[in-house]
$ cat model-v9.txt   # compact mmCIF, C-alpha atoms
# COMPACT_ATOMS: atom_id res chain seq x y z
CA MET A 129 -20.91 12.39 1.12
CA GLU A 130 -21.33 12.57 -2.64
CA MET A 131 -18.28 10.36 -3.05
CA LEU A 132 -19.62 7.83 -0.55
CA ASN A 133 -22.98 7.75 -2.30
CA PHE A 134 -21.18 7.16 -5.59
CA ILE A 135 -19.08 4.34 -4.09
CA GLN A 136 -22.15 2.77 -2.49
CA GLU A 137 -23.94 2.86 -5.83
CA LEU A 138 -20.99 1.16 -7.51
CA PHE A 139 -21.02 -1.64 -4.92
CA SER A 140 -24.77 -2.05 -5.37
CA LYS A 141 -24.34 -2.50 -9.12
CA TYR A 142 -21.03 -4.34 -9.44
CA GLY A 143 -20.27 -5.89 -6.06
CA TYR A 144 -16.74 -7.00 -5.23
CA SER A 145 -15.43 -6.25 -8.73
CA VAL A 146 -15.50 -2.53 -7.86
CA LEU A 147 -12.65 -3.09 -5.44
CA PHE A 148 -10.57 -5.20 -7.82
CA PHE A 149 -10.77 -2.98 -10.90
CA GLY A 150 -10.77 0.26 -8.91
CA LEU A 151 -7.53 -0.56 -7.09
CA LEU A 152 -5.93 -1.92 -10.26
CA LEU A 153 -6.70 1.33 -12.09
CA GLU A 154 -5.49 3.42 -9.15
CA PHE A 155 -2.03 1.88 -9.38
CA VAL A 156 -1.94 2.49 -13.12
CA ALA A 157 -2.30 6.11 -11.87
CA LEU A 158 -5.92 6.74 -12.82
CA PRO A 159 -8.08 8.58 -10.27
CA PHE A 160 -9.81 6.24 -7.81
CA PRO A 161 -10.31 6.75 -4.05
CA GLY A 162 -8.81 3.41 -3.05
CA GLU A 163 -8.41 3.91 0.69
CA THR A 164 -11.86 5.47 1.10
CA THR A 165 -13.43 2.66 -0.93
CA MET A 166 -11.71 -0.01 1.16
CA ALA A 167 -12.74 1.59 4.45
CA PHE A 168 -16.32 1.87 3.21
CA ALA A 169 -16.24 -1.73 1.99
CA GLY A 170 -15.04 -2.76 5.44
CA PHE A 171 -18.04 -0.94 6.90
CA LEU A 172 -20.32 -2.83 4.52
CA SER A 173 -18.85 -6.06 5.87
CA TYR A 174 -19.56 -4.77 9.38
CA THR A 175 -23.24 -4.45 8.41
CA GLY A 176 -23.20 -7.95 6.94
CA ARG A 177 -23.64 -6.90 3.31
CA LEU A 178 -20.20 -8.07 2.19
CA ASP A 179 -17.84 -10.83 3.31
CA PHE A 180 -14.66 -9.51 4.94
CA ILE A 181 -12.31 -12.32 3.83
CA THR A 182 -13.54 -12.02 0.24
CA LEU A 183 -12.90 -8.28 0.40
CA ILE A 184 -9.31 -8.87 1.53
CA LEU A 185 -8.67 -11.36 -1.29
CA VAL A 186 -10.23 -9.13 -3.95
CA ALA A 187 -8.50 -5.95 -2.75
CA PHE A 188 -5.15 -7.74 -2.48
CA ALA A 189 -5.55 -9.18 -5.99
CA GLY A 190 -6.43 -5.78 -7.49
CA THR A 191 -3.57 -4.02 -5.72
CA THR A 192 -0.91 -6.58 -6.62
CA ALA A 193 -2.17 -6.80 -10.21
CA GLY A 194 -1.86 -3.03 -10.57
CA MET A 195 1.57 -2.90 -8.95
CA THR A 196 2.87 -5.80 -11.05
CA LEU A 197 1.59 -4.22 -14.25
CA THR A 198 3.31 -0.92 -13.50
CA TYR A 199 6.54 -2.75 -12.61
CA PHE A 200 6.70 -4.42 -16.02
CA VAL A 201 5.76 -1.18 -17.82
CA GLY A 202 8.67 0.53 -16.05
CA LEU A 203 10.99 -2.41 -16.73
CA LYS A 204 10.21 -2.65 -20.46
CA ALA A 205 9.51 0.99 -21.37
CA GLY A 206 11.80 2.91 -18.99
CA MET A 207 11.83 6.54 -17.91
CA PRO A 208 11.66 8.11 -21.43
CA PHE A 209 8.28 6.44 -22.02
CA ILE A 210 6.94 7.60 -18.66
CA GLN A 211 8.13 11.16 -19.26
CA ARG A 212 6.68 11.25 -22.76
CA TYR A 213 3.33 9.58 -22.23
CA GLY A 214 2.85 10.01 -18.47
CA LYS A 215 0.50 12.96 -18.94
CA TRP A 216 -2.12 10.56 -20.31
CA LEU A 217 -1.94 8.68 -17.01
CA LEU A 218 -2.06 11.89 -14.95
CA PHE A 219 1.69 11.81 -14.22
CA SER A 220 2.74 15.34 -13.43
CA PRO A 221 6.48 16.20 -13.53
CA ALA A 222 6.21 17.24 -9.86
CA LYS A 223 4.86 13.83 -8.80
CA LEU A 224 7.49 11.99 -10.83
CA ASP A 225 10.24 14.11 -9.29
CA LYS A 226 8.83 13.59 -5.79
CA THR A 227 8.68 9.81 -6.19
CA GLN A 228 12.17 9.64 -7.66
CA LYS A 229 13.61 11.57 -4.71
CA TRP A 230 11.79 9.34 -2.21
CA PHE A 231 13.02 6.24 -4.07
CA GLU A 232 16.62 7.47 -4.05
CA LYS A 233 16.34 8.22 -0.32
CA TYR A 234 14.62 5.07 0.94
CA GLY A 235 15.32 2.51 -1.77
CA SER A 236 13.31 -0.71 -2.00
CA ILE A 237 11.55 -0.20 1.35
CA LEU A 238 9.63 2.67 -0.28
CA ILE A 239 7.68 0.06 -2.24
CA SER A 240 6.16 -1.13 1.05
CA ILE A 241 5.71 2.16 2.88
CA GLY A 242 4.77 4.00 -0.31
CA TYR A 243 1.22 2.67 -0.04
CA PHE A 244 0.69 5.13 2.80
CA ILE A 245 2.14 8.17 0.99
CA PRO A 246 -0.39 9.99 -1.22
CA GLY A 247 1.00 10.82 -4.63
CA VAL A 248 3.84 8.29 -4.25
CA ARG A 249 2.25 4.83 -4.12
CA HIS A 250 0.97 5.21 -7.69
CA PHE A 251 4.51 5.43 -9.08
CA THR A 252 6.66 3.13 -6.95
CA GLY A 253 5.94 0.15 -9.21
CA TYR A 254 7.08 2.09 -12.27
CA PHE A 255 10.30 3.19 -10.59
CA ALA A 256 11.03 -0.32 -9.33
CA GLY A 257 10.86 -1.48 -12.93
CA ILE A 258 12.85 1.47 -14.27
CA VAL A 259 15.77 0.73 -11.92
CA ALA A 260 15.47 -2.98 -12.85
CA LEU A 261 14.89 -4.17 -9.30
CA PRO A 262 14.84 -8.01 -9.35
CA PHE A 263 11.24 -9.21 -9.51
CA ARG A 264 11.54 -11.43 -6.43
CA LYS A 265 12.72 -8.50 -4.36
CA PHE A 266 10.02 -6.26 -5.82
CA ALA A 267 7.33 -8.86 -5.10
CA LEU A 268 8.52 -9.30 -1.50
CA TYR A 269 8.16 -5.60 -0.74
CA ALA A 270 5.15 -4.90 -2.96
CA TYR A 271 2.99 -7.86 -1.99
CA SER A 272 3.70 -7.75 1.75
CA GLY A 273 3.01 -4.00 1.78
CA ALA A 274 -0.16 -4.53 -0.24
CA LEU A 275 -1.49 -7.11 2.22
CA PHE A 276 -0.85 -4.84 5.18
CA TRP A 277 -2.38 -1.86 3.37
CA VAL A 278 -5.64 -3.57 2.35
CA VAL A 279 -6.14 -5.35 5.69
CA LEU A 280 -5.57 -2.09 7.56
CA PHE A 281 -8.05 0.04 5.62
CA LEU A 282 -10.66 -2.68 5.27
CA GLY A 283 -10.18 -3.29 8.99
CA ILE A 284 -10.92 0.34 9.83
CA GLY A 285 -14.43 -0.02 8.42
CA ARG A 286 -14.90 -3.50 9.83
CA VAL A 287 -13.74 -2.77 13.37
CA PHE A 288 -15.04 0.74 13.93
CA GLY A 289 -18.35 0.38 12.10
CA PRO A 290 -20.39 3.61 12.07
CA GLN A 291 -17.39 5.57 13.44
CA TRP A 292 -15.13 4.51 10.56
CA MET A 293 -15.06 7.94 8.90
CA GLY A 294 -13.58 9.69 11.93
CA ILE A 295 -10.88 7.03 12.38
CA PHE A 296 -10.17 7.02 8.66
CA HIS A 297 -9.55 10.79 8.53
CA LEU A 298 -7.40 10.61 11.65
CA PHE A 299 -5.30 7.87 10.10
CA GLU A 300 -4.98 9.81 6.84
CA LEU A 301 -3.45 12.73 8.73
CA TYR A 302 -0.96 10.69 10.77
CA ALA A 303 -0.47 7.56 8.64
CA LEU A 304 3.32 7.68 8.45
CA TRP A 305 3.68 8.41 12.17
CA ILE A 306 1.33 5.57 13.08
CA ILE A 307 3.07 3.10 10.74
CA SER A 308 6.52 4.18 11.95
CA GLY A 309 5.43 3.75 15.57
CA GLY A 310 3.97 0.33 14.84
CA VAL A 311 7.14 -0.82 13.08
CA ALA A 312 9.31 0.49 15.94
CA ILE A 313 7.21 -1.32 18.55
CA ALA A 314 7.30 -4.56 16.52
CA ALA A 315 11.08 -4.26 16.17
CA LEU A 316 11.50 -3.77 19.91
CA VAL A 317 9.31 -6.78 20.67
CA ILE A 318 11.32 -8.95 18.26
CA LEU A 319 14.63 -7.72 19.69
CA TYR A 320 13.47 -8.44 23.24
CA ARG A 321 12.08 -11.87 22.38
CA TYR A 322 15.18 -13.01 20.52
CA ARG A 323 17.74 -11.04 22.52
CA LYS A 324 19.73 -14.15 23.48
CA LYS A 325 20.06 -15.42 19.90
CA ILE A 326 20.96 -11.94 18.67
CA SER A 327 23.57 -11.59 21.43
CA ILE A 328 25.15 -14.92 20.46
CA ARG A 329 25.36 -13.90 16.80
CA LEU A 330 26.81 -10.47 17.57
CA PHE A 331 29.22 -11.57 20.33
CA PRO A 332 30.08 -15.27 19.65
CA ARG A 333 33.29 -15.15 21.70
CA LYS A 334 31.55 -13.97 24.87
CA ALA A 335 28.88 -16.64 24.37
CA ALA A 336 31.57 -19.33 23.97
CA ILE A 337 33.31 -18.23 27.19
CA LYS A 338 30.05 -18.38 29.11

$ encode --input "model-v9.txt" --output "structure tokens"
Amino acid sequence: MEMLNFIQELFSKYGYSVLFFGLLLEFVALPFPGETTMAFAGFLSYTGRLDFITLILVAFAGTTAGMTLTYFVGLKAGMPFIQRYGKWLLFSPAKLDKTQKWFEKYGSILISIGYFIPGVRHFTGYFAGIVALPFRKFALYAYSGALFWVVLFLGIGRVFGPQWMGIFHLFELYALWIISGGVAIAALVILYRYRKKISIRLFPRKAAIK
């Protein structure tokens, strides 16, 4: 409750800019409760105090600005800089090692799903730059993931209103399972809808015979 009171006070004083600068700083790896702030901001839009579309635009801008900044830091400075000066940005060796292992395991897709992994999303931009991932590819994963992330957490507050806290904590516990299930369902729907086109591409000879 103390955190929510603090966030509410920030919105009262600074309005939408809280979301932009807070999320930007979070992705530079400074402490800021981004998901909680977005869910609460969504609730404020539910009460009519803030505009939901404006919140999406501001949150998306702050998130992508932070991710883009970290990408170019990683690209220009590299791992030695991060290892040497990371402590000033609250980079612990354990978090760096964890993110590196996740990045090696999942590759570029981690940039999108990393938003939902605590302790990982803050560093995916740096690692994308360190491994010199092409910017267009980085932007595709980072910006699409950012849009989904901000709409989802703002939507929790907007849709569920006074019950947002319960849904938010539930989602925090099972975020990866929920996202994985949603992606699997979407993939199945796409496969079913375009099954004929996919079949023709995979088995052109059978299609020609028919």

$ atom_distance --input "model-v9.txt" --atom1 "atom CA of Thr196 of chain A" --atom2 "atom CA of Arg249 of chain A"
12.7 Å

$ residues_around --input "model-v9.txt" --residues "segment 264-280 of chain A" --least-positions-apart "3" --cutoff "9 Å" --atoms "all atoms listed in the file" --output "list of chain:residue names"
A:Glu163, A:Met166, A:Ala167, A:Leu183, A:Ile184, A:Ala187, A:Phe188, A:Thr191, A:Thr192, A:Met195, A:Thr196, A:Tyr199, A:Ser236, A:Ile237, A:Leu238, A:Ile239, A:Ser240, A:Ile241, A:Gly242, A:Tyr243, A:Phe244, A:Gly253, A:Ala256, A:Gly257, A:Leu261, A:Gly283, A:Ile284

$ closest_residue --input "model-v9.txt" --among "A:Arg286, A:Lys226, A:Arg212, A:Lys141" --to "His250 of chain A" --atoms "all atoms listed in the file"
A:Lys226

$ closest_residue --input "model-v9.txt" --among "A:Leu185, A:Leu197, A:Leu178, A:Leu153" --to "Phe263 of chain A" --atoms "all atoms listed in the file"
A:Leu197

$ closest_residue --input "model-v9.txt" --among "A:Gly206, A:Phe149, A:Phe281, A:Gly247" --to "Ile295 of chain A" --atoms "all atoms listed in the file"
A:Phe281

$ atom_distance --input "model-v9.txt" --atom1 "atom CA of Phe148 of chain A" --atom2 "atom CA of Lys204 of chain A"
24.5 Å
